[in-house]
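Have a look at work-v1.txt; it's compact mmCIF, C-alpha atoms and all ligand atoms:
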```
# COMPACT_ATOMS: atom_id res chain seq x y z
CA VAL N 48 -67.10 25.86 69.90
CA ASP N 49 -66.67 27.45 73.31
CA GLU N 50 -68.12 30.95 73.76
CA SER N 51 -64.77 32.51 74.71
CA VAL N 52 -63.08 30.89 71.71
CA ARG N 53 -65.86 32.22 69.47
CA GLU N 54 -65.29 35.71 70.90
CA ASP N 55 -61.55 35.43 70.36
CA MET N 56 -62.09 34.40 66.73
CA THR N 57 -64.55 37.22 66.12
CA LYS N 58 -62.00 39.63 67.53
CA LEU N 59 -59.39 38.49 65.03
CA GLU N 60 -61.92 38.75 62.18
CA ASP N 61 -62.85 42.28 63.29
CA THR N 62 -59.34 43.60 63.85
CA PHE N 63 -57.67 42.11 60.82
CA PRO N 64 -59.23 43.71 57.74
CA GLY N 65 -60.02 41.34 54.92
CA ILE N 66 -59.30 38.16 56.78
CA SER N 67 -62.95 37.13 56.93
CA ASP N 68 -63.29 37.60 53.16
CA ARG N 69 -60.76 34.88 52.63
CA PHE N 70 -61.11 32.60 55.68
CA ARG N 71 -63.89 31.21 57.81
CA LEU N 72 -62.50 30.53 61.27
CA VAL N 73 -63.55 27.12 62.54
CA ASN N 74 -61.84 26.66 65.88
CA ARG N 75 -58.90 27.56 68.04
CA ILE N 76 -56.41 24.71 68.00
CA GLY N 77 -53.35 26.00 69.77
CA GLU N 78 -52.39 28.65 72.23
CA GLY N 79 -48.80 29.26 73.25
CA THR N 80 -46.42 31.89 74.51
CA PHE N 81 -45.86 33.44 71.13
CA SER N 82 -48.92 32.61 69.12
CA THR N 83 -52.47 31.42 68.82
CA VAL N 84 -53.39 28.96 66.08
CA TYR N 85 -56.82 28.65 64.49
CA LYS N 86 -58.27 26.12 62.11
CA ALA N 87 -59.96 27.90 59.23
CA GLU N 88 -61.53 27.17 55.89
CA ASP N 89 -60.01 28.88 52.88
CA LEU N 90 -63.01 30.37 51.07
CA LEU N 91 -61.03 30.80 47.87
CA TYR N 92 -60.33 27.11 47.74
CA ASP N 93 -63.22 26.34 45.40
CA HIS N 94 -61.67 28.51 42.72
CA TYR N 95 -58.91 25.98 42.44
CA HIS N 96 -60.95 22.94 43.09
CA ASN N 97 -60.56 21.48 39.60
CA ASP N 98 -56.80 21.58 39.71
CA TRP N 99 -56.87 19.25 42.65
CA ASP N 100 -58.95 16.71 40.82
CA ILE N 101 -56.04 15.95 38.53
CA PHE N 102 -54.52 14.25 41.52
CA GLY N 103 -57.75 12.65 42.64
CA GLN N 104 -57.80 14.97 45.59
CA ALA N 105 -61.43 15.96 45.84
CA GLN N 106 -61.72 15.38 49.54
CA GLU N 107 -61.01 17.67 52.38
CA GLN N 108 -57.52 16.79 53.55
CA GLU N 109 -56.37 15.93 50.12
CA ALA N 110 -52.76 16.97 50.19
CA TRP N 111 -51.96 14.64 53.02
CA ALA N 112 -54.37 11.79 52.50
CA SER N 113 -52.94 10.51 49.24
CA PRO N 114 -50.49 7.62 49.10
CA PRO N 115 -46.86 8.72 49.57
CA SER N 116 -45.98 8.21 45.89
CA LYS N 117 -48.67 10.66 44.83
CA ARG N 118 -48.22 12.88 47.81
CA ARG N 119 -44.81 14.02 46.68
CA ARG N 120 -46.33 15.41 43.53
CA VAL N 121 -49.19 16.93 45.41
CA GLU N 122 -46.85 18.53 47.89
CA GLY N 123 -44.91 19.97 45.00
CA GLU N 124 -48.13 21.24 43.50
CA HIS N 125 -49.11 22.43 46.87
CA ALA N 126 -46.03 24.52 47.21
CA ARG N 127 -46.60 26.01 43.76
CA HIS N 128 -50.31 26.69 43.87
CA LYS N 129 -50.40 27.28 47.60
CA LYS N 130 -53.81 26.12 48.48
CA ALA N 131 -55.64 23.84 50.81
CA ARG N 132 -59.25 23.87 51.87
CA TYR N 133 -58.44 23.78 55.56
CA VAL N 134 -55.63 25.86 56.89
CA ALA N 135 -53.98 26.63 60.20
CA LEU N 136 -53.81 30.37 60.82
CA LYS N 137 -50.96 31.15 63.16
CA LYS N 138 -51.41 34.57 64.71
CA ILE N 139 -48.01 35.59 65.98
CA TYR N 140 -48.22 37.87 68.99
CA VAL N 141 -47.06 41.43 68.74
CA THR N 142 -44.92 40.77 71.81
CA SER N 143 -42.74 38.68 69.56
CA SER N 144 -40.10 40.93 68.05
CA PRO N 145 -40.40 41.77 64.35
CA ILE N 146 -36.98 40.19 63.77
CA ARG N 147 -38.17 37.00 65.33
CA ILE N 148 -41.33 36.90 63.22
CA GLN N 149 -39.37 37.61 60.07
CA ASN N 150 -36.91 34.90 61.02
CA GLU N 151 -39.65 32.29 61.40
CA LEU N 152 -41.27 33.16 58.07
CA GLU N 153 -37.94 33.32 56.26
CA LEU N 154 -36.78 29.93 57.49
CA LEU N 155 -40.14 28.37 56.62
CA HIS N 156 -39.81 29.85 53.18
CA ASP N 157 -36.35 28.33 52.79
CA LEU N 158 -37.70 24.96 53.80
CA ARG N 159 -40.62 24.91 51.38
CA GLY N 160 -40.90 21.63 49.59
CA CYS N 161 -39.05 19.70 52.32
CA ARG N 162 -40.73 16.46 53.14
CA SER N 163 -42.42 16.26 56.53
CA VAL N 164 -41.98 19.99 57.11
CA CYS N 165 -45.27 21.89 57.18
CA PRO N 166 -45.14 24.30 54.23
CA LEU N 167 -45.90 27.99 54.60
CA ILE N 168 -48.71 28.91 52.22
CA THR N 169 -48.53 32.64 52.75
CA ALA N 170 -48.52 35.27 55.46
CA PHE N 171 -50.47 38.46 56.07
CA ARG N 172 -49.61 41.54 58.02
CA PHE N 173 -51.88 44.29 59.26
CA GLN N 174 -50.11 46.97 61.29
CA ASP N 175 -48.21 45.00 63.90
CA GLN N 176 -50.21 41.80 63.55
CA VAL N 177 -48.86 38.90 61.54
CA VAL N 178 -50.77 35.80 60.50
CA ALA N 179 -49.00 32.85 58.89
CA VAL N 180 -51.10 30.48 56.78
CA LEU N 181 -50.23 26.77 56.74
CA PRO N 182 -52.18 23.81 55.40
CA TYR N 183 -54.15 22.22 58.20
CA PHE N 184 -52.65 18.86 59.07
CA PRO N 185 -54.96 16.41 60.86
CA HIS N 186 -53.09 14.77 63.72
CA THR N 187 -53.51 13.02 67.06
CA ASP N 188 -52.53 14.51 70.39
CA PHE N 189 -49.28 12.93 71.58
CA ARG N 190 -50.62 12.59 75.12
CA ILE N 191 -53.34 10.34 73.83
CA GLN N 192 -51.20 8.19 71.58
CA TYR N 193 -47.81 7.70 73.24
CA ARG N 194 -48.91 5.01 75.67
CA THR N 195 -50.42 2.85 72.95
CA PHE N 196 -47.46 3.02 70.58
CA MET N 197 -46.03 -0.33 69.52
CA VAL N 198 -42.40 -0.37 68.40
CA ALA N 199 -43.59 -0.35 64.76
CA ASP N 200 -45.50 2.89 65.47
CA MET N 201 -42.39 4.40 67.05
CA ARG N 202 -40.52 3.50 63.88
CA HIS N 203 -43.00 5.34 61.65
CA TYR N 204 -43.12 8.31 63.96
CA LEU N 205 -39.34 8.63 64.19
CA ARG N 206 -38.71 7.99 60.52
CA SER N 207 -40.98 10.88 59.63
CA LEU N 208 -39.52 13.19 62.26
CA LEU N 209 -35.95 12.32 61.26
CA THR N 210 -36.80 12.84 57.58
CA ALA N 211 -37.99 16.34 58.43
CA LEU N 212 -34.89 17.06 60.49
CA HIS N 213 -32.59 15.70 57.85
CA SER N 214 -33.88 18.33 55.42
CA VAL N 215 -33.89 21.08 58.01
CA HIS N 216 -30.31 20.31 59.02
CA GLU N 217 -29.22 20.05 55.40
CA HIS N 218 -30.30 23.66 55.14
CA ASP N 219 -28.05 24.39 58.14
CA ILE N 220 -31.04 25.28 60.23
CA LEU N 221 -31.48 24.35 63.89
CA HIS N 222 -35.10 23.92 64.89
CA ARG N 223 -34.30 24.36 68.59
CA ASP N 224 -37.69 23.30 69.88
CA ILE N 225 -38.19 19.67 68.93
CA LYS N 226 -40.93 18.21 71.12
CA PRO N 227 -44.20 16.36 70.56
CA THR N 228 -46.43 19.45 70.25
CA ASN N 229 -44.23 20.71 67.41
CA PHE N 230 -44.39 17.50 65.43
CA LEU N 231 -47.91 16.77 64.31
CA TYR N 232 -48.27 13.06 63.77
CA ASN N 233 -51.06 11.30 61.94
CA PRO N 234 -51.19 7.60 62.86
CA ASP N 235 -53.38 6.72 59.85
CA LEU N 236 -50.95 8.21 57.37
CA LYS N 237 -48.03 7.04 59.52
CA GLU N 238 -46.49 10.43 58.86
CA GLY N 239 -46.18 13.73 60.58
CA VAL N 240 -45.16 17.30 59.85
CA LEU N 241 -42.71 19.47 61.72
CA VAL N 242 -44.11 22.86 62.70
CA ASP N 243 -43.10 25.88 64.76
CA PHE N 244 -39.91 27.48 63.55
CA GLY N 245 -40.37 30.30 66.05
CA LEU N 246 -37.08 29.52 67.77
CA ALA N 247 -35.23 28.16 64.77
CA GLU N 248 -32.01 29.71 63.57
CA ARG N 249 -29.27 29.25 61.07
CA GLN N 250 -26.31 27.28 62.33
CA GLY N 251 -23.47 29.56 63.33
CA SER N 252 -25.58 32.68 63.02
CA GLU N 253 -24.65 35.73 65.01
CA TYR N 254 -28.12 35.91 66.33
CA THR N 255 -27.72 33.38 69.08
CA GLY N 256 -27.36 35.63 72.07
CA ALA N 257 -29.52 36.25 75.07
CA CYS N 258 -31.92 38.35 73.02
CA LEU N 259 -33.60 35.16 71.94
CA CYS N 260 -33.82 33.67 75.40
CA THR N 261 -37.36 32.94 76.39
CA HIS N 262 -36.74 32.75 80.08
CA GLN N 263 -36.42 35.86 82.16
CA SER N 264 -34.65 33.76 84.74
CA TYR N 265 -31.73 33.65 82.38
CA VAL N 266 -31.05 37.29 83.05
CA ARG N 267 -31.39 36.89 86.77
CA ARG N 268 -29.11 33.93 86.80
CA SER N 269 -26.63 35.10 84.28
CA ARG N 270 -23.97 34.87 86.92
CA ILE N 271 -24.43 31.22 87.66
CA LEU N 272 -21.91 28.81 86.42
CA SER N 273 -24.64 26.45 85.52
CA SER N 274 -22.68 23.35 86.25
CA TYR N 275 -21.75 24.49 89.70
CA TYR N 276 -24.18 22.58 91.77
CA SER N 277 -24.06 22.69 95.54
CA LYS N 278 -20.39 23.14 95.97
CA ASN N 279 -21.36 25.35 98.85
CA PRO N 280 -24.31 23.62 100.46
CA PRO N 281 -27.17 26.03 101.05
CA ALA N 282 -27.46 27.65 104.41
CA GLY N 283 -31.19 27.20 104.58
CA GLY N 284 -32.01 29.02 101.38
CA LEU N 285 -33.61 27.71 98.21
CA SER N 286 -30.79 28.88 96.01
CA THR N 287 -28.92 25.65 96.28
CA GLY N 288 -27.14 25.36 93.03
CA TYR N 289 -24.75 28.26 92.81
CA PRO N 290 -22.70 30.67 94.85
CA LYS N 291 -24.29 33.96 95.84
CA ASN N 292 -21.47 36.29 95.03
CA ASP N 293 -19.89 34.81 92.02
CA SER N 294 -17.47 37.30 90.57
CA ARG N 295 -16.80 35.34 87.42
CA SER N 296 -18.11 36.83 84.25
CA SER N 297 -21.23 35.22 82.93
CA ARG N 298 -21.45 33.18 79.82
CA ARG N 299 -24.17 33.96 77.38
CA ALA N 300 -25.53 31.30 75.13
CA ASN N 301 -28.80 30.67 73.45
CA ARG N 302 -30.94 28.64 75.77
CA ALA N 303 -34.13 28.82 73.78
CA GLY N 304 -36.10 25.62 73.80
CA THR N 305 -38.36 23.69 76.11
CA ARG N 306 -37.66 22.33 79.55
CA GLY N 307 -36.93 18.65 79.49
CA PHE N 308 -35.85 18.66 75.85
CA ARG N 309 -32.69 20.77 76.12
CA ALA N 310 -29.45 19.11 75.14
CA PRO N 311 -26.61 18.94 77.67
CA GLU N 312 -24.52 21.42 75.68
CA VAL N 313 -27.38 23.92 75.92
CA LEU N 314 -27.47 23.45 79.70
CA PHE N 315 -23.70 23.85 79.78
CA LYS N 316 -24.15 27.08 77.82
CA CYS N 317 -22.02 25.97 74.95
CA THR N 318 -21.74 28.93 72.61
CA SER N 319 -21.31 27.00 69.39
CA GLN N 320 -24.45 24.89 69.30
CA THR N 321 -25.12 22.72 66.30
CA THR N 322 -27.97 20.83 64.71
CA LYS N 323 -27.13 18.03 67.16
CA ILE N 324 -29.17 19.80 69.82
CA ASP N 325 -32.28 18.76 67.87
CA MET N 326 -31.06 15.17 67.84
CA TRP N 327 -30.94 15.09 71.62
CA SER N 328 -34.57 16.21 71.71
CA VAL N 329 -35.50 13.41 69.31
CA GLY N 330 -33.82 11.08 71.80
CA VAL N 331 -35.97 12.47 74.61
CA ILE N 332 -39.09 11.75 72.53
CA LEU N 333 -37.92 8.19 71.90
CA LEU N 334 -37.19 7.79 75.61
CA THR N 335 -40.72 8.98 76.36
CA LEU N 336 -42.14 6.42 73.95
CA LEU N 337 -40.01 3.51 75.17
CA GLY N 338 -40.32 4.45 78.83
CA ARG N 339 -44.04 5.19 78.45
CA ARG N 340 -43.74 8.30 80.56
CA PHE N 341 -44.61 11.84 79.53
CA PRO N 342 -43.07 14.15 80.29
CA PHE N 343 -40.04 12.03 81.00
CA PHE N 344 -37.99 14.87 82.39
CA ASN N 345 -39.77 17.24 84.68
CA SER N 346 -37.30 19.82 85.87
CA ALA N 347 -38.20 23.27 87.11
CA ASP N 348 -35.06 24.84 85.70
CA ASP N 349 -31.69 24.13 84.14
CA ILE N 350 -30.05 23.17 87.42
CA ASP N 351 -32.80 20.66 88.07
CA ALA N 352 -32.45 19.39 84.53
CA MET N 353 -28.78 18.83 85.13
CA ILE N 354 -29.54 16.84 88.27
CA GLU N 355 -31.97 14.67 86.30
CA MET N 356 -29.35 14.15 83.63
CA SER N 357 -26.66 13.26 86.14
CA SER N 358 -28.89 10.70 87.84
CA ILE N 359 -28.91 8.90 84.50
CA PHE N 360 -25.35 9.42 83.33
CA GLY N 361 -23.56 9.56 86.65
CA THR N 362 -21.06 12.18 87.75
CA ARG N 363 -18.09 10.82 85.86
CA ARG N 364 -19.62 11.27 82.43
CA MET N 365 -21.19 14.59 83.43
CA LYS N 366 -17.79 15.96 84.44
CA THR N 367 -16.33 14.91 81.11
CA ALA N 368 -19.23 16.53 79.27
CA ALA N 369 -18.88 19.74 81.27
CA ALA N 370 -15.15 19.87 80.60
CA MET N 371 -15.87 19.59 76.89
CA HIS N 372 -17.61 22.97 77.13
CA GLY N 373 -15.06 24.50 79.48
CA GLN N 374 -17.21 24.04 82.55
CA ILE N 375 -16.79 22.26 85.85
CA PHE N 376 -19.45 19.94 87.15
CA GLU N 377 -19.72 19.33 90.87
CA THR N 378 -22.55 17.94 92.92
CA ASN N 379 -23.18 16.72 96.42
CA VAL N 380 -26.62 15.33 95.79
CA PRO N 381 -26.34 12.01 97.58
CA THR N 382 -28.47 9.99 95.17
CA ILE N 383 -26.29 10.75 92.18
CA GLY N 384 -23.74 8.02 91.70
CA GLU N 385 -20.49 8.07 89.85
CA LYS N 386 -21.45 5.50 87.27
CA GLY N 387 -24.99 6.06 86.14
CA TYR N 388 -27.22 3.48 84.46
CA SER N 389 -27.61 1.78 81.13
CA TRP N 390 -30.43 2.88 78.83
CA GLU N 391 -31.81 -0.60 78.87
CA LYS N 392 -32.14 -0.55 82.62
CA LEU N 393 -33.76 2.87 82.56
CA VAL N 394 -36.28 1.91 79.90
CA LYS N 395 -37.19 -1.21 81.89
CA TRP N 396 -37.65 0.74 85.10
CA SER N 397 -39.62 3.47 83.47
CA SER N 398 -41.98 1.19 81.57
CA CYS N 399 -42.19 -1.27 84.48
CA VAL N 400 -41.26 -4.34 82.47
CA GLU N 401 -38.87 -7.15 83.36
CA ASP N 402 -37.42 -7.66 79.93
CA LEU N 403 -37.28 -5.78 76.68
CA THR N 404 -38.28 -7.42 73.42
CA GLU N 405 -35.67 -7.62 70.70
CA SER N 406 -37.24 -4.73 68.83
CA GLU N 407 -37.30 -2.65 72.00
CA GLN N 408 -33.63 -3.45 72.52
CA GLN N 409 -32.93 -2.29 69.02
CA ALA N 410 -34.84 0.93 69.61
CA THR N 411 -32.90 1.38 72.85
CA ARG N 412 -29.62 1.15 70.93
CA LEU N 413 -30.84 3.97 68.69
CA LEU N 414 -31.81 5.88 71.83
CA ALA N 415 -28.25 5.57 73.13
CA GLY N 416 -26.94 7.06 69.89
CA LEU N 417 -29.33 10.02 70.15
CA MET N 418 -28.95 10.74 73.85
CA GLU N 419 -25.19 10.86 73.64
CA LEU N 420 -23.72 13.54 75.89
CA ASP N 421 -20.98 14.43 73.42
CA PRO N 422 -22.63 16.23 70.49
CA THR N 423 -19.81 15.26 68.16
CA LYS N 424 -20.52 11.59 68.80
CA ARG N 425 -24.31 11.96 68.77
CA LEU N 426 -26.05 10.60 65.67
CA SER N 427 -27.07 13.06 62.99
CA ALA N 428 -30.53 12.74 61.42
CA GLU N 429 -28.98 11.14 58.37
CA GLU N 430 -27.04 8.63 60.48
CA ALA N 431 -30.06 7.86 62.62
CA LEU N 432 -32.06 7.02 59.50
CA GLN N 433 -29.33 4.52 58.59
CA HIS N 434 -29.62 2.81 61.97
CA ASP N 435 -30.60 -0.86 62.08
CA PHE N 436 -33.81 0.19 63.75
CA PHE N 437 -34.94 1.47 60.33
CA THR N 438 -32.85 -0.45 57.84
CA ASN N 439 -32.81 -3.85 59.46
CA PRO N 440 -35.69 -3.97 61.92
CA VAL N 441 -36.17 -7.01 64.14
CA HIS N 442 -39.76 -7.97 64.76
P1 LIG X 1 -46.42 28.03 69.07
O1 LIG X 1 -45.22 28.83 68.67
O2 LIG X 1 -47.45 28.85 69.73
O3 LIG X 1 -46.06 26.80 69.85
P2 LIG X 1 -47.03 26.22 66.85
O4 LIG X 1 -46.61 26.55 65.46
O5 LIG X 1 -46.26 25.17 67.57
O6 LIG X 1 -47.08 27.57 67.69
O7 LIG X 1 -48.55 25.79 66.83
C1 LIG X 1 -49.23 25.55 68.06
C2 LIG X 1 -50.16 24.38 67.91
O8 LIG X 1 -51.13 24.63 66.88
C3 LIG X 1 -49.49 23.06 67.50
O9 LIG X 1 -48.97 22.38 68.61
C4 LIG X 1 -50.65 22.33 66.85
O10 LIG X 1 -51.48 21.73 67.82
C5 LIG X 1 -51.42 23.45 66.16
N1 LIG X 1 -50.99 23.59 64.76
C6 LIG X 1 -49.97 24.34 64.30
N2 LIG X 1 -49.84 24.23 62.96
C7 LIG X 1 -50.77 23.34 62.56
C8 LIG X 1 -51.13 22.76 61.28
N3 LIG X 1 -50.51 23.11 60.16
N4 LIG X 1 -52.14 21.87 61.25
C9 LIG X 1 -52.79 21.53 62.39
N5 LIG X 1 -52.51 22.02 63.60
C10 LIG X 1 -51.52 22.92 63.70
MG MG X 2 -45.17 25.04 69.33
```
How would this structure read if it were set down as structure tokens?
Ligand code: ADP
Ligand code: MG
Amino acid sequence: VDESVREDMTKLEDTFPGISDRFRLVNRIGEGTFSTVYKAEDLLYDHYHNDWDIFGQAQEQEAWASPPSKRRRVEGEHARHKKARYVALKKIYVTSSPIRIQNELELLHDLRGCRSVCPLITAFRFQDQVVAVLPYFPHTDFRIQYRTFMVADMRHYLRSLLTALHSVHEHDILHRDIKPTNFLYNPDLKEGVLVDFGLAERQGSEYTGACLCTHQSYVRRSRILSSYYSKNPPAGGLSTGYPKNDSRSSRRANRAGTRGFRAPEVLFKCTSQTTKIDMWSVGVILLTLLGRRFPFFNSADDIDAMIEMSSIFGTRRMKTAAAMHGQIFETNVPTIGEKGYSWEKLVKWSSCVEDLTESEQQATRLLAGLMELDPTKRLSAEEALQHDFFTNPVH
């Protein structure tokens, strides 16, 4: 372990009373805007060791390594007894508001027992510091695995992710930040777990306003009509996409999420966002896998993202989508056509192949159902799981 990581772990052990009595920190495994995640060994684990043996789970990553039929029981046990030898300690930064922290823990609590959702074991607080404890889930970095994925691997990956989302959405919860780093996939188990409910919220909740926005730029740009691209061509400035003195009142909508994974209705600042926004993000992951390009979308901001989207869909469909959310879409970017391209063509271009196999074509049809501009027509997790790609796969 790196010296600076060691120091960081010692600091947590020193400033959080009692934590070192229960956990031995092993490594730092994640560092984000709102948290740092450590792998740790639960020192109390041995007290329970015998219970695990009932399930033949003597080894280290027991809860996950058992066959699916047994795993269900173990997961149930897991939720009840709340133990695992190796855990992920998620230290949530004090800069995160208390409401936000409470929200994340509450939603995780509601989702306990849901398949493919990482269960919350417990959480500790000392003064303003909060540490959530989750079972450690061994997984492979998406950046390493996406290029090697065969269609069969994509099927396992997506089935697991959609299973998680089906449960989450059944609870009327939007995850809001579906992307590869928040879905930990284990290629040996052919399963993954959904993590990071830091931006999640209940569908239709009041708490969807700008207070949750992660990007300061939102405030600065609150006067942009986001769809208003280059109606007035820039007079030499960088601020191409929107008029300088727009007197129209701004629209506030939750834009939380990650660049490149935001659904069109989020970009169009739709104020009644549904669980379908997560389905779009699943589509982006599938596009990444089929197109063998990560990240697939690489926009600097929402305006850029909209340009990327319009290069695919064409202006006609973008205008219709904008109108659906009471917005107007205009662009004078010369490379954006009226018609757009088919998904099949895009996947071929992106992955540099001449022809798609039948199974790739089938996956591409699922992709089209996920990356549907109109959220009401976009597949739900339940519908996606019923797609031929899963129920009637061609090989
Ligand atoms: P953040 O809000 O900082 O993104 P996450 O909950 O997404 O926090 O965790 C960050 C990273 O930590 C994940 O991308 C993953 O690599 C690692 N991680 C989180 N939870 C677990 C877990 N239960 N098992 C293994 N690794 C985990
Ligand atoms: Mg994350």
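One distance worth recording is that between CA of Arg302 (chain N) and CA of Arg339 (chain N), which is 27.0 Å.
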Contacts of Val134 (chain N) at 9 Å or less, counting all atoms listed in the file, minus same-chain residues fewer than 4 places along, as a JSON list (two decimals) with C-alpha atoms, in the coordinates of the input?
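Final output, saved to part-v9.json:
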```json
[["chain", "number", "residue", "atom", "x", "y", "z"],
["N", 70, "PHE", "CA", -61.11, 32.60, 55.68],
["N", 85, "TYR", "CA", -56.82, 28.65, 64.49],
["N", 86, "LYS", "CA", -58.27, 26.12, 62.11],
["N", 87, "ALA", "CA", -59.96, 27.90, 59.23],
["N", 88, "GLU", "CA", -61.53, 27.17, 55.89],
["N", 89, "ASP", "CA", -60.01, 28.88, 52.88],
["N", 130, "LYS", "CA", -53.81, 26.12, 48.48],
["N", 168, "ILE", "CA", -48.71, 28.91, 52.22],
["N", 180, "VAL", "CA", -51.10, 30.48, 56.78],
["N", 181, "LEU", "CA", -50.23, 26.77, 56.74],
["N", 182, "PRO", "CA", -52.18, 23.81, 55.40],
["N", 183, "TYR", "CA", -54.15, 22.22, 58.20],
["N", 184, "PHE", "CA", -52.65, 18.86, 59.07]]
```
- Task: Give as a PyMOL selection string the residues surrounding ligand LIG 1 (chain X) up to a distance of 9 Å, considering all atoms listed in the file.
- Result: chain N and resi 75-86+133-139+165-167+180-188+227-231+240-246
Leaving out Ala310 (chain N) and any residue of its chain fewer than 5 positions from it, which residues lie within 7 Å of it when counting all atoms listed in the file, given as a PDB file with C-alpha atoms, in the frame of the given file?
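The result, written out as part-v3.pdb:
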```
ATOM      1  CA  ILE N 324     -29.170  19.800  69.820  1.00  0.00           C
ATOM      2  CA  TRP N 327     -30.940  15.090  71.620  1.00  0.00           C
ATOM      3  CA  SER N 328     -34.570  16.210  71.710  1.00  0.00           C
TER       4      SER N 328
END
```
Draw an axis-aligned box tight on the listed atoms of region 166-174 of chain N, then pad every side by 8 Å and write out centre and edge lengths in Å to one decimal as lines of an AutoDock Vina configuration file.
```
center_x = -48.5
center_y = 35.6
center_z = 56.8
size_x = 22.7
size_y = 38.7
size_z = 25.1
```
- Å distance separating CA of Gly361 (chain N) from CA of Trp390 (chain N), one decimal place: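 Interatomic distance, CA of Gly361 (chain N) to CA of Trp390 (chain N): 12.4 Å.
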